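For reference, work09.cif (mmCIF, C-alpha atoms and all ligand atoms):
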data_final
loop_
_atom_site.group_PDB
_atom_site.id
_atom_site.type_symbol
_atom_site.label_atom_id
_atom_site.label_comp_id
_atom_site.auth_asym_id
_atom_site.auth_seq_id
_atom_site.Cartn_x
_atom_site.Cartn_y
_atom_site.Cartn_z
ATOM 1 C CA MET A 948 0.000 0.000 0.000
ATOM 2 C CA LYS A 949 1.240 3.444 -0.893
ATOM 3 C CA LEU A 950 0.560 6.738 0.906
ATOM 4 C CA VAL A 951 0.220 9.474 -1.722
ATOM 5 C CA GLN A 952 -0.110 13.177 -0.954
ATOM 6 C CA THR A 953 -0.178 14.868 -4.352
ATOM 7 C CA ILE A 954 -2.691 14.722 -7.192
ATOM 8 C CA LYS A 955 0.085 14.400 -9.760
ATOM 9 C CA GLU A 956 1.640 11.337 -8.127
ATOM 10 C CA LEU A 957 -1.723 9.632 -7.695
ATOM 11 C CA GLN A 958 -2.727 10.289 -11.289
ATOM 12 C CA THR A 959 0.597 8.979 -12.635
ATOM 13 C CA GLU A 960 0.139 5.749 -10.659
ATOM 14 C CA LEU A 961 -3.513 5.342 -11.679
ATOM 15 C CA ASP A 962 -2.940 6.181 -15.378
ATOM 16 C CA ALA A 963 -0.397 3.344 -15.568
ATOM 17 C CA LEU A 964 -2.851 0.893 -13.977
ATOM 18 C CA ARG A 965 -5.772 2.077 -16.100
ATOM 19 C CA SER A 966 -3.730 1.590 -19.275
ATOM 20 C CA LYS A 967 -3.276 -2.060 -18.224
ATOM 21 C CA GLY A 968 -7.067 -2.398 -18.022
ATOM 22 C CA LYS A 969 -7.280 -2.418 -14.218
ATOM 23 C CA THR A 970 -10.543 -1.348 -12.596
ATOM 24 C CA ILE A 971 -10.373 1.289 -9.877
ATOM 25 C CA GLY A 972 -12.567 1.565 -6.798
ATOM 26 C CA LEU A 973 -12.654 4.728 -4.684
ATOM 27 C CA VAL A 974 -13.651 4.966 -1.027
ATOM 28 C CA PRO A 975 -13.856 8.644 -0.019
ATOM 29 C CA THR A 976 -13.343 9.188 3.727
ATOM 30 C CA MET A 977 -12.398 11.892 6.180
ATOM 31 C CA GLY A 978 -10.185 9.455 8.092
ATOM 32 C CA ALA A 979 -10.639 8.395 11.737
ATOM 33 C CA LEU A 980 -11.474 5.047 10.207
ATOM 34 C CA HIS A 981 -13.552 2.384 11.928
ATOM 35 C CA ALA A 982 -15.206 -0.919 11.054
ATOM 36 C CA GLY A 983 -17.846 0.923 8.989
ATOM 37 C CA HIS A 984 -15.145 2.260 6.671
ATOM 38 C CA ALA A 985 -13.439 -1.154 6.705
ATOM 39 C CA SER A 986 -16.647 -2.689 5.347
ATOM 40 C CA LEU A 987 -16.635 -0.208 2.435
ATOM 41 C CA VAL A 988 -12.986 -0.974 1.673
ATOM 42 C CA LYS A 989 -13.623 -4.754 1.867
ATOM 43 C CA ARG A 990 -16.474 -4.423 -0.624
ATOM 44 C CA ALA A 991 -14.355 -2.209 -2.908
ATOM 45 C CA VAL A 992 -11.431 -4.655 -2.767
ATOM 46 C CA SER A 993 -13.745 -7.532 -3.696
ATOM 47 C CA GLU A 994 -15.123 -5.664 -6.741
ATOM 48 C CA ASN A 995 -12.100 -3.815 -8.199
ATOM 49 C CA ASP A 996 -8.489 -4.519 -9.135
ATOM 50 C CA VAL A 997 -7.183 -1.444 -7.338
ATOM 51 C CA VAL A 998 -8.680 0.463 -4.411
ATOM 52 C CA VAL A 999 -7.933 4.093 -3.547
ATOM 53 C CA VAL A 1000 -9.049 5.418 -0.167
ATOM 54 C CA SER A 1001 -9.023 9.174 0.247
ATOM 55 C CA ASP A 1002 -8.318 10.400 3.773
ATOM 56 C CA PHE A 1003 -9.066 14.108 3.816
ATOM 57 C CA VAL A 1004 -10.956 16.233 6.340
ATOM 58 C CA ASN A 1005 -12.730 18.490 3.885
ATOM 59 C CA PRO A 1006 -13.024 22.013 5.337
ATOM 60 C CA THR A 1007 -15.667 23.205 2.874
ATOM 61 C CA GLN A 1008 -18.334 20.850 4.223
ATOM 62 C CA PHE A 1009 -18.097 22.089 7.827
ATOM 63 C CA ASN A 1010 -20.488 24.919 8.557
ATOM 64 C CA ASP A 1011 -19.291 24.868 12.186
ATOM 65 C CA LYS A 1012 -15.568 25.713 12.488
ATOM 66 C CA ASN A 1013 -15.506 24.239 15.991
ATOM 67 C CA ASP A 1014 -16.687 20.913 14.598
ATOM 68 C CA LEU A 1015 -13.899 21.049 11.974
ATOM 69 C CA ALA A 1016 -11.256 21.770 14.619
ATOM 70 C CA LYS A 1017 -12.481 18.876 16.811
ATOM 71 C CA TYR A 1018 -12.727 16.339 13.961
ATOM 72 C CA PRO A 1019 -10.398 13.408 14.864
ATOM 73 C CA ARG A 1020 -7.271 13.001 12.714
ATOM 74 C CA THR A 1021 -5.596 9.576 12.906
ATOM 75 C CA LEU A 1022 -3.683 9.033 9.643
ATOM 76 C CA GLU A 1023 -1.189 6.525 11.057
ATOM 77 C CA ALA A 1024 -3.864 4.223 12.500
ATOM 78 C CA ASP A 1025 -5.937 4.690 9.322
ATOM 79 C CA CYS A 1026 -3.017 3.457 7.182
ATOM 80 C CA GLU A 1027 -2.648 0.389 9.377
ATOM 81 C CA LEU A 1028 -6.320 -0.525 8.937
ATOM 82 C CA LEU A 1029 -6.200 0.115 5.179
ATOM 83 C CA ARG A 1030 -3.078 -1.991 4.706
ATOM 84 C CA LYS A 1031 -4.871 -4.898 6.411
ATOM 85 C CA GLU A 1032 -7.963 -4.418 4.254
ATOM 86 C CA GLY A 1033 -5.963 -4.497 1.018
ATOM 87 C CA ALA A 1034 -6.231 -0.895 -0.231
ATOM 88 C CA ALA A 1035 -3.597 -0.078 -2.842
ATOM 89 C CA PHE A 1036 -3.402 3.696 -2.230
ATOM 90 C CA VAL A 1037 -4.212 6.080 0.591
ATOM 91 C CA PHE A 1038 -4.650 9.551 -0.820
ATOM 92 C CA ALA A 1039 -4.067 12.058 2.003
ATOM 93 C CA PRO A 1040 -3.553 15.474 0.395
ATOM 94 C CA SER A 1041 -3.113 18.803 2.168
ATOM 95 C CA VAL A 1042 -5.907 21.390 2.056
ATOM 96 C CA GLU A 1043 -3.718 23.514 -0.278
ATOM 97 C CA GLU A 1044 -3.293 20.577 -2.670
ATOM 98 C CA ILE A 1045 -7.065 20.182 -3.030
ATOM 99 C CA TYR A 1046 -8.004 23.860 -2.782
ATOM 100 C CA PRO A 1047 -5.096 25.937 -4.176
ATOM 101 C CA GLU A 1048 -7.739 28.627 -4.507
ATOM 102 C CA PRO A 1049 -11.232 28.830 -3.002
ATOM 103 C CA ASP A 1050 -13.725 26.501 -4.675
ATOM 104 C CA THR A 1051 -16.521 28.798 -5.842
ATOM 105 C CA ARG A 1052 -18.593 26.098 -7.543
ATOM 106 C CA GLN A 1053 -22.201 25.872 -6.395
ATOM 107 C CA PHE A 1054 -24.080 22.591 -6.374
ATOM 108 C CA SER A 1055 -27.800 22.568 -5.903
ATOM 109 C CA TYR A 1056 -29.936 19.447 -5.977
ATOM 110 C CA ALA A 1057 -33.165 20.792 -4.531
ATOM 111 C CA PRO A 1058 -35.292 19.430 -3.038
ATOM 112 C CA LEU A 1059 -32.866 16.642 -2.026
ATOM 113 C CA ASP A 1060 -30.404 19.026 -0.391
ATOM 114 C CA THR A 1061 -32.829 21.518 1.155
ATOM 115 C CA VAL A 1062 -34.402 19.150 3.705
ATOM 116 C CA MET A 1063 -33.059 17.557 6.913
ATOM 117 C CA GLU A 1064 -29.237 17.983 7.024
ATOM 118 C CA GLY A 1065 -29.527 20.580 4.284
ATOM 119 C CA LYS A 1066 -31.793 22.695 6.504
ATOM 120 C CA PHE A 1067 -29.700 22.375 9.661
ATOM 121 C CA ARG A 1068 -26.235 22.504 8.063
ATOM 122 C CA PRO A 1069 -26.409 25.190 5.374
ATOM 123 C CA GLY A 1070 -23.636 24.776 2.800
ATOM 124 C CA HIS A 1071 -22.736 21.285 4.021
ATOM 125 C CA PHE A 1072 -23.821 19.409 0.912
ATOM 126 C CA ASN A 1073 -22.305 22.032 -1.352
ATOM 127 C CA GLY A 1074 -18.963 21.290 0.331
ATOM 128 C CA VAL A 1075 -19.537 17.527 0.066
ATOM 129 C CA CYS A 1076 -20.251 17.861 -3.670
ATOM 130 C CA GLN A 1077 -17.178 20.068 -4.133
ATOM 131 C CA ILE A 1078 -14.808 17.497 -2.640
ATOM 132 C CA VAL A 1079 -16.520 14.383 -3.988
ATOM 133 C CA SER A 1080 -16.650 15.773 -7.547
ATOM 134 C CA LYS A 1081 -12.956 16.744 -7.278
ATOM 135 C CA LEU A 1082 -12.088 13.231 -6.083
ATOM 136 C CA PHE A 1083 -14.074 11.717 -8.958
ATOM 137 C CA MET A 1084 -12.177 13.907 -11.439
ATOM 138 C CA ILE A 1085 -8.774 13.149 -9.876
ATOM 139 C CA VAL A 1086 -9.223 9.382 -9.428
ATOM 140 C CA GLN A 1087 -11.656 8.644 -12.292
ATOM 141 C CA PRO A 1088 -12.859 5.497 -10.546
ATOM 142 C CA HIS A 1089 -15.075 2.794 -12.029
ATOM 143 C CA ARG A 1090 -16.949 2.494 -8.735
ATOM 144 C CA ALA A 1091 -17.204 4.655 -5.615
ATOM 145 C CA TYR A 1092 -18.414 3.442 -2.211
ATOM 146 C CA PHE A 1093 -20.453 5.344 0.384
ATOM 147 C CA GLY A 1094 -22.158 4.278 3.624
ATOM 148 C CA GLU A 1095 -25.926 4.407 4.039
ATOM 149 C CA LYS A 1096 -25.509 5.992 7.473
ATOM 150 C CA ASP A 1097 -25.174 9.290 5.605
ATOM 151 C CA PHE A 1098 -28.378 8.479 3.799
ATOM 152 C CA GLN A 1099 -29.061 11.963 2.444
ATOM 153 C CA GLN A 1100 -25.440 12.402 1.313
ATOM 154 C CA LEU A 1101 -25.680 9.173 -0.675
ATOM 155 C CA ALA A 1102 -28.919 10.301 -2.393
ATOM 156 C CA ILE A 1103 -27.350 13.664 -3.314
ATOM 157 C CA ILE A 1104 -24.155 12.081 -4.651
ATOM 158 C CA ARG A 1105 -26.238 9.706 -6.776
ATOM 159 C CA GLU A 1106 -28.096 12.711 -8.173
ATOM 160 C CA MET A 1107 -24.855 14.637 -8.817
ATOM 161 C CA VAL A 1108 -23.451 11.653 -10.732
ATOM 162 C CA ARG A 1109 -26.703 11.270 -12.670
ATOM 163 C CA GLN A 1110 -26.608 14.948 -13.718
ATOM 164 C CA MET A 1111 -22.846 15.336 -14.275
ATOM 165 C CA ASP A 1112 -22.049 11.919 -15.799
ATOM 166 C CA PHE A 1113 -18.594 10.889 -14.588
ATOM 167 C CA GLY A 1114 -17.939 8.436 -17.419
ATOM 168 C CA GLY A 1115 -20.063 5.498 -16.322
ATOM 169 C CA LEU A 1116 -19.037 5.732 -12.659
ATOM 170 C CA LYS A 1117 -21.158 3.442 -10.476
ATOM 171 C CA ILE A 1118 -22.109 4.571 -6.972
ATOM 172 C CA VAL A 1119 -22.316 1.708 -4.487
ATOM 173 C CA GLY A 1120 -24.274 2.257 -1.249
ATOM 174 C CA CYS A 1121 -23.272 0.011 1.663
ATOM 175 C CA PRO A 1122 -25.343 -0.850 4.762
ATOM 176 C CA ILE A 1123 -24.845 0.839 8.144
ATOM 177 C CA VAL A 1124 -22.410 -1.018 10.397
ATOM 178 C CA ARG A 1125 -23.417 -1.097 14.081
ATOM 179 C CA GLU A 1126 -21.751 -2.048 17.336
ATOM 180 C CA ALA A 1127 -23.155 -5.242 18.907
ATOM 181 C CA ASP A 1128 -25.390 -3.049 21.101
ATOM 182 C CA GLY A 1129 -26.834 -1.186 18.097
ATOM 183 C CA LEU A 1130 -24.872 2.086 18.080
ATOM 184 C CA ALA A 1131 -24.212 3.108 14.473
ATOM 185 C CA LEU A 1132 -20.465 3.396 13.867
ATOM 186 C CA SER A 1133 -19.286 6.954 13.387
ATOM 187 C CA SER A 1134 -15.946 8.729 13.678
ATOM 188 C CA ARG A 1135 -17.733 11.098 16.053
ATOM 189 C CA ASN A 1136 -18.388 8.266 18.556
ATOM 190 C CA ALA A 1137 -14.753 8.677 19.656
ATOM 191 C CA ARG A 1138 -15.810 12.002 21.228
ATOM 192 C CA LEU A 1139 -18.498 10.439 23.446
ATOM 193 C CA SER A 1140 -17.751 9.943 27.157
ATOM 194 C CA ALA A 1141 -18.721 6.549 28.636
ATOM 195 C CA ALA A 1142 -21.933 8.082 30.019
ATOM 196 C CA GLU A 1143 -22.748 9.798 26.714
ATOM 197 C CA ARG A 1144 -22.216 6.542 24.862
ATOM 198 C CA GLU A 1145 -24.839 4.914 27.119
ATOM 199 C CA HIS A 1146 -27.231 7.775 26.359
ATOM 200 C CA ALA A 1147 -26.528 7.488 22.613
ATOM 201 C CA LEU A 1148 -27.686 3.851 22.632
ATOM 202 C CA ASN A 1149 -31.248 5.124 22.995
ATOM 203 C CA ILE A 1150 -31.097 6.431 19.418
ATOM 204 C CA SER A 1151 -30.794 3.024 17.727
ATOM 205 C CA LYS A 1152 -32.977 1.363 20.398
ATOM 206 C CA THR A 1153 -35.762 3.834 19.613
ATOM 207 C CA LEU A 1154 -35.365 3.387 15.857
ATOM 208 C CA PHE A 1155 -35.512 -0.414 16.141
ATOM 209 C CA ALA A 1156 -38.578 -0.200 18.415
ATOM 210 C CA SER A 1157 -40.202 2.201 15.964
ATOM 211 C CA ARG A 1158 -39.913 -0.347 13.165
ATOM 212 C CA ILE A 1159 -42.061 -2.781 15.148
ATOM 213 C CA PHE A 1160 -44.409 0.055 16.206
ATOM 214 C CA ALA A 1161 -44.754 1.175 12.565
ATOM 215 C CA SER A 1162 -46.214 -2.155 11.492
ATOM 216 C CA SER A 1163 -49.441 -1.351 13.366
ATOM 217 C CA HIS A 1164 -49.406 2.470 13.499
ATOM 218 C CA SER A 1165 -49.593 5.375 11.090
ATOM 219 C CA VAL A 1166 -46.677 7.504 9.896
ATOM 220 C CA ALA A 1167 -47.768 10.367 12.200
ATOM 221 C CA GLU A 1168 -48.034 8.046 15.208
ATOM 222 C CA THR A 1169 -44.612 6.552 14.484
ATOM 223 C CA GLN A 1170 -43.186 10.051 14.121
ATOM 224 C CA ARG A 1171 -44.642 11.072 17.526
ATOM 225 C CA MET A 1172 -43.435 7.854 19.187
ATOM 226 C CA VAL A 1173 -39.813 8.453 18.125
ATOM 227 C CA GLU A 1174 -39.915 12.144 19.064
ATOM 228 C CA ALA A 1175 -41.375 11.369 22.507
ATOM 229 C CA GLU A 1176 -38.841 8.590 23.232
ATOM 230 C CA ILE A 1177 -35.845 10.735 22.310
ATOM 231 C CA GLU A 1178 -37.162 13.840 24.054
ATOM 232 C CA GLN A 1179 -37.589 11.973 27.337
ATOM 233 C CA ALA A 1180 -34.290 10.032 27.069
ATOM 234 C CA GLU A 1181 -31.498 11.245 29.334
ATOM 235 C CA GLY A 1182 -28.682 13.222 27.721
ATOM 236 C CA LEU A 1183 -30.204 13.462 24.227
ATOM 237 C CA ARG A 1184 -31.530 16.469 22.321
ATOM 238 C CA LEU A 1185 -33.480 15.771 19.140
ATOM 239 C CA GLU A 1186 -32.655 17.997 16.177
ATOM 240 C CA TYR A 1187 -35.041 16.330 13.752
ATOM 241 C CA PHE A 1188 -36.677 13.055 12.890
ATOM 242 C CA GLU A 1189 -38.369 12.703 9.511
ATOM 243 C CA ILE A 1190 -40.011 9.765 7.796
ATOM 244 C CA VAL A 1191 -39.304 10.219 4.100
ATOM 245 C CA ASP A 1192 -39.434 8.568 0.728
ATOM 246 C CA GLY A 1193 -35.926 7.076 0.386
ATOM 247 C CA THR A 1194 -35.531 8.328 -3.186
ATOM 248 C CA THR A 1195 -37.037 11.837 -3.098
ATOM 249 C CA LEU A 1196 -36.245 12.470 0.611
ATOM 250 C CA GLN A 1197 -39.620 14.192 0.946
ATOM 251 C CA LYS A 1198 -41.836 13.520 3.970
ATOM 252 C CA ILE A 1199 -44.539 10.918 3.500
ATOM 253 C CA ALA A 1200 -47.990 11.125 5.060
ATOM 254 C CA ASN A 1201 -49.012 7.461 4.645
ATOM 255 C CA TRP A 1202 -47.065 4.216 4.399
ATOM 256 C CA GLU A 1203 -48.857 3.551 1.087
ATOM 257 C CA ASP A 1204 -47.250 6.708 -0.408
ATOM 258 C CA THR A 1205 -44.012 4.838 -1.179
ATOM 259 C CA ASP A 1206 -42.375 1.434 -1.420
ATOM 260 C CA TYR A 1207 -39.210 2.869 0.180
ATOM 261 C CA ALA A 1208 -39.775 4.537 3.572
ATOM 262 C CA VAL A 1209 -36.848 5.647 5.709
ATOM 263 C CA GLY A 1210 -36.718 7.385 9.085
ATOM 264 C CA CYS A 1211 -33.794 9.807 9.344
ATOM 265 C CA ILE A 1212 -32.736 11.202 12.703
ATOM 266 C CA THR A 1213 -30.201 13.653 14.084
ATOM 267 C CA VAL A 1214 -29.624 13.895 17.805
ATOM 268 C CA PHE A 1215 -27.172 15.799 19.982
ATOM 269 C CA CYS A 1216 -25.574 13.715 22.676
ATOM 270 C CA GLY A 1217 -23.737 16.290 24.787
ATOM 271 C CA ASP A 1218 -22.118 18.409 22.079
ATOM 272 C CA VAL A 1219 -21.672 15.466 19.694
ATOM 273 C CA ARG A 1220 -24.052 15.483 16.753
ATOM 274 C CA LEU A 1221 -25.055 11.934 15.764
ATOM 275 C CA ILE A 1222 -27.082 10.790 12.781
ATOM 276 C CA ASP A 1223 -28.768 7.464 12.121
ATOM 277 C CA ASN A 1224 -31.594 6.052 10.023
ATOM 278 C CA ILE A 1225 -33.868 3.075 9.683
ATOM 279 C CA LYS A 1226 -35.729 1.538 6.764
ATOM 280 C CA TYR A 1227 -39.449 0.939 7.352
ATOM 281 C CA LYS A 1228 -40.066 -0.226 3.791
ATOM 282 C CA GLU A 1229 -37.186 -1.403 1.609
ATOM 283 C CA LYS A 1230 -36.753 -0.798 -2.094
ATOM 284 C CA LEU A 1231 -36.143 -4.169 -3.778
HETATM 285 O O1 LIG B 1301 -18.977 10.866 4.442
HETATM 286 C C1 LIG B 1301 -17.878 11.427 4.579
HETATM 287 O O2 LIG B 1301 -17.003 10.981 5.333
HETATM 288 C C2 LIG B 1301 -17.601 12.690 3.800
HETATM 289 O O3 LIG B 1301 -18.734 13.488 3.706
HETATM 290 C C3 LIG B 1301 -16.988 12.431 2.419
HETATM 291 C C4 LIG B 1301 -17.953 11.706 1.502
HETATM 292 C C5 LIG B 1301 -15.715 11.625 2.558
HETATM 293 C C6 LIG B 1301 -16.642 13.761 1.747
HETATM 294 O O4 LIG B 1301 -15.703 14.484 2.506
#

Please re-express this file's structure in structure tokens.
Amino acid sequence: MKLVQTIKELQTELDALRSKGKTIGLVPTMGALHAGHASLVKRAVSENDVVVVSDFVNPTQFNDKNDLAKYPRTLEADCELLRKEGAAFVFAPSVEEIYPEPDTRQFSYAPLDTVMEGKFRPGHFNGVCQIVSKLFMIVQPHRAYFGEKDFQQLAIIREMVRQMDFGGLKIVGCPIVREADGLALSSRNARLSAAEREHALNISKTLFASRIFASSHSVAETQRMVEAEIEQAEGLRLEYFEIVDGTTLQKIANWEDTDYAVGCITVFCGDVRLIDNIKYKEKL
């Protein structure tokens, strides 16, 4: 495995491999890797000849500078995990390498990016699209892998690829990876104290319970059940919970409105912002 820090070096390496007919898989990350990322890399390794993992904390997607400053940075440990998983390249550029000048491009995929995270984190998805589109142009992968924990991000990236056409690039969504007790894996979990981690467990517990509840209750009742559970749980502050169509990300009123219903939640646990989601009806 090779650690590469410049675009030029990465492109030289990848051009040589591409000319030999090798397929390239890309796993974009912001580092602080955990088993959730490992599952993306495993999948990418099984489906491509060469896997590139980008490890870059992208400043343009943070609307809260404090959040950016506190984001964990663990390149050495990341490289160890990626070597074990069989990645060929870790691309860990500097901010100046990626943004030699401010990126003034504007991406707008309304209404996908105006709801939920888009409402609470203005500019976030614009920053995500800036970095992800740059990575697609630099790496020119055949496939790119993203976790379903960031459900809205995945929908927006799919739409960006549909509209911009990155040469047949396939976007692969991979299931959420959870701890044995249900907590969705996230780089932010590292910032939870032991007590906060206990509190955070109520997020997935409530979502799982809501799936059973939903089978005999309406969308509105399920919505109220989740809100009430989180609001009365110790140490949690609900930012939003929405039950949406998994493709359009618009709220549904009745279960019959869609064949793909997903509940998306964001909760503060202390000052750590956690997101999670659950599928009530799955798209086949
Ligand atoms: O999901 C993430 O970790 C980031 O948003 C991504 C896709 C790597 C872009 O910085």

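Taking only C-alpha atoms into account, the residues near (-11.0, 9.1, 14.5), no farther than 6 Å, are A:Ala979, A:Leu980, A:Pro1019, A:Arg1020, A:Thr1021, A:Ser1134.
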
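Every protein, DNA or RNA residue with an atom at most 10 Å from Glu1106 (chain A), where all atoms listed in the file count and chain neighbours fewer than 4 positions away do not, is listed here: Tyr1056, Leu1059, Gln1100, Leu1101, Ala1102, Gln1110, Met1111, Asp1112 and Thr1194 of chain A.
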
Might you pull out every residue within 8 Å of region 1068-1080 of chain A, with only C-alpha atoms counted and same-chain residues fewer than 4 positions away left off, and present them as a ChimeraX atom specification?
-> /A:975,1005-1010,1050,1052-1055,1060,1064,1084,1100,1103-1104,1107

Translate the PyMOL selection byres (((chain A and resi 956-970) around 12) and not hetatm), as applied to the file shown, into an explicit residue set as a VMD selection string.
-> chain A and resid 949 to 955 971 to 973 991 to 1001 1035 to 1040 1044 1082 to 1091 1116 to 1117

Quick one: write out the picked residues with C-alpha atoms as a PDB file, in the frame of the given file?
ATOM      1  CA  LYS A 949       1.240   3.444  -0.893  1.00  0.00           C
ATOM      2  CA  LEU A 950       0.560   6.738   0.906  1.00  0.00           C
ATOM      3  CA  VAL A 951       0.220   9.474  -1.722  1.00  0.00           C
ATOM      4  CA  GLN A 952      -0.110  13.177  -0.954  1.00  0.00           C
ATOM      5  CA  THR A 953      -0.178  14.868  -4.352  1.00  0.00           C
ATOM      6  CA  ILE A 954      -2.691  14.722  -7.192  1.00  0.00           C
ATOM      7  CA  LYS A 955       0.085  14.400  -9.760  1.00  0.00           C
ATOM      8  CA  ILE A 971     -10.373   1.289  -9.877  1.00  0.00           C
ATOM      9  CA  GLY A 972     -12.567   1.565  -6.798  1.00  0.00           C
ATOM     10  CA  LEU A 973     -12.654   4.728  -4.684  1.00  0.00           C
ATOM     11  CA  ALA A 991     -14.355  -2.209  -2.908  1.00  0.00           C
ATOM     12  CA  VAL A 992     -11.431  -4.655  -2.767  1.00  0.00           C
ATOM     13  CA  SER A 993     -13.745  -7.532  -3.696  1.00  0.00           C
ATOM     14  CA  GLU A 994     -15.123  -5.664  -6.741  1.00  0.00           C
ATOM     15  CA  ASN A 995     -12.100  -3.815  -8.199  1.00  0.00           C
ATOM     16  CA  ASP A 996      -8.489  -4.519  -9.135  1.00  0.00           C
ATOM     17  CA  VAL A 997      -7.183  -1.444  -7.338  1.00  0.00           C
ATOM     18  CA  VAL A 998      -8.680   0.463  -4.411  1.00  0.00           C
ATOM     19  CA  VAL A 999      -7.933   4.093  -3.547  1.00  0.00           C
ATOM     20  CA  VAL A1000      -9.049   5.418  -0.167  1.00  0.00           C
ATOM     21  CA  SER A1001      -9.023   9.174   0.247  1.00  0.00           C
ATOM     22  CA  ALA A1035      -3.597  -0.078  -2.842  1.00  0.00           C
ATOM     23  CA  PHE A1036      -3.402   3.696  -2.230  1.00  0.00           C
ATOM     24  CA  VAL A1037      -4.212   6.080   0.591  1.00  0.00           C
ATOM     25  CA  PHE A1038      -4.650   9.551  -0.820  1.00  0.00           C
ATOM     26  CA  ALA A1039      -4.067  12.058   2.003  1.00  0.00           C
ATOM     27  CA  PRO A1040      -3.553  15.474   0.395  1.00  0.00           C
ATOM     28  CA  GLU A1044      -3.293  20.577  -2.670  1.00  0.00           C
ATOM     29  CA  LEU A1082     -12.088  13.231  -6.083  1.00  0.00           C
ATOM     30  CA  PHE A1083     -14.074  11.717  -8.958  1.00  0.00           C
ATOM     31  CA  MET A1084     -12.177  13.907 -11.439  1.00  0.00           C
ATOM     32  CA  ILE A1085      -8.774  13.149  -9.876  1.00  0.00           C
ATOM     33  CA  VAL A1086      -9.223   9.382  -9.428  1.00  0.00           C
ATOM     34  CA  GLN A1087     -11.656   8.644 -12.292  1.00  0.00           C
ATOM     35  CA  PRO A1088     -12.859   5.497 -10.546  1.00  0.00           C
ATOM     36  CA  HIS A1089     -15.075   2.794 -12.029  1.00  0.00           C
ATOM     37  CA  ARG A1090     -16.949   2.494  -8.735  1.00  0.00           C
ATOM     38  CA  ALA A1091     -17.204   4.655  -5.615  1.00  0.00           C
ATOM     39  CA  LEU A1116     -19.037   5.732 -12.659  1.00  0.00           C
ATOM     40  CA  LYS A1117     -21.158   3.442 -10.476  1.00  0.00           C
TER      41      LYS A1117
END

Box in all listed atoms of ligand LIG 1301 (chain B), axis-aligned, with 3 Å more on each side; write out centre and edge lengths in Å to one decimal as JSON.
{"center_x": -17.3, "center_y": 12.7, "center_z": 3.4, "size_x": 9.3, "size_y": 9.6, "size_z": 9.8}

Please, which residues are within 8 Å of (-12.7, 2.8, 5.0) by the file's coordinates, counting all atoms listed in the file, and could they come as a PDB file with C-alpha atoms, in the frame of the given file?
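Output file out.pdb follows:
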ATOM      1  CA  VAL A 974     -13.651   4.966  -1.027  1.00  0.00           C
ATOM      2  CA  PRO A 975     -13.856   8.644  -0.019  1.00  0.00           C
ATOM      3  CA  THR A 976     -13.343   9.188   3.727  1.00  0.00           C
ATOM      4  CA  GLY A 978     -10.185   9.455   8.092  1.00  0.00           C
ATOM      5  CA  LEU A 980     -11.474   5.047  10.207  1.00  0.00           C
ATOM      6  CA  HIS A 981     -13.552   2.384  11.928  1.00  0.00           C
ATOM      7  CA  ALA A 982     -15.206  -0.919  11.054  1.00  0.00           C
ATOM      8  CA  GLY A 983     -17.846   0.923   8.989  1.00  0.00           C
ATOM      9  CA  HIS A 984     -15.145   2.260   6.671  1.00  0.00           C
ATOM     10  CA  ALA A 985     -13.439  -1.154   6.705  1.00  0.00           C
ATOM     11  CA  SER A 986     -16.647  -2.689   5.347  1.00  0.00           C
ATOM     12  CA  LEU A 987     -16.635  -0.208   2.435  1.00  0.00           C
ATOM     13  CA  VAL A 988     -12.986  -0.974   1.673  1.00  0.00           C
ATOM     14  CA  VAL A1000      -9.049   5.418  -0.167  1.00  0.00           C
ATOM     15  CA  LEU A1029      -6.200   0.115   5.179  1.00  0.00           C
TER      16      LEU A1029
END

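Counting only C-alpha atoms and all ligand atoms and comparing A:Glu1145, A:Glu1229, A:Asp1097, A:Asp1011, the residue that lies closest to ligand LIG 1301 (chain B) is A:Asp1097.
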
Just so the selection is clear, what residues does the PyMOL selection byres (((chain A and resi 1195) around 12) and not hetatm) cover here, as a PyMOL selection string?
-> chain A and resi 1056-1062+1098-1099+1101-1103+1105-1106+1190-1194+1196-1199+1204-1209

For C-alpha atoms, I'd like the residues from the last selection saved as a CSV table (one decimal), in the coordinates of the input.
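Below you can see result.csv, which holds the result:
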chain,number,residue,atom,x,y,z
A,1056,TYR,CA,-29.9,19.4,-6.0
A,1057,ALA,CA,-33.2,20.8,-4.5
A,1058,PRO,CA,-35.3,19.4,-3.0
A,1059,LEU,CA,-32.9,16.6,-2.0
A,1060,ASP,CA,-30.4,19.0,-0.4
A,1061,THR,CA,-32.8,21.5,1.2
A,1062,VAL,CA,-34.4,19.2,3.7
A,1098,PHE,CA,-28.4,8.5,3.8
A,1099,GLN,CA,-29.1,12.0,2.4
A,1101,LEU,CA,-25.7,9.2,-0.7
A,1102,ALA,CA,-28.9,10.3,-2.4
A,1103,ILE,CA,-27.4,13.7,-3.3
A,1105,ARG,CA,-26.2,9.7,-6.8
A,1106,GLU,CA,-28.1,12.7,-8.2
A,1190,ILE,CA,-40.0,9.8,7.8
A,1191,VAL,CA,-39.3,10.2,4.1
A,1192,ASP,CA,-39.4,8.6,0.7
A,1193,GLY,CA,-35.9,7.1,0.4
A,1194,THR,CA,-35.5,8.3,-3.2
A,1196,LEU,CA,-36.2,12.5,0.6
A,1197,GLN,CA,-39.6,14.2,0.9
A,1198,LYS,CA,-41.8,13.5,4.0
A,1199,ILE,CA,-44.5,10.9,3.5
A,1204,ASP,CA,-47.2,6.7,-0.4
A,1205,THR,CA,-44.0,4.8,-1.2
A,1206,ASP,CA,-42.4,1.4,-1.4
A,1207,TYR,CA,-39.2,2.9,0.2
A,1208,ALA,CA,-39.8,4.5,3.6
A,1209,VAL,CA,-36.8,5.6,5.7

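As for CA of Ile1150 (chain A) and CA of Ile1177 (chain A), they are spaced 7.0 Å apart.
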
Expand the PyMOL selection byres (((chain A and resi 1172) around 12) and not hetatm) into the individual residues it matches in the shown file, reporting them as a ChimeraX atom specification.
-> /A:1153-1161,1164-1171,1173-1179,1188-1189
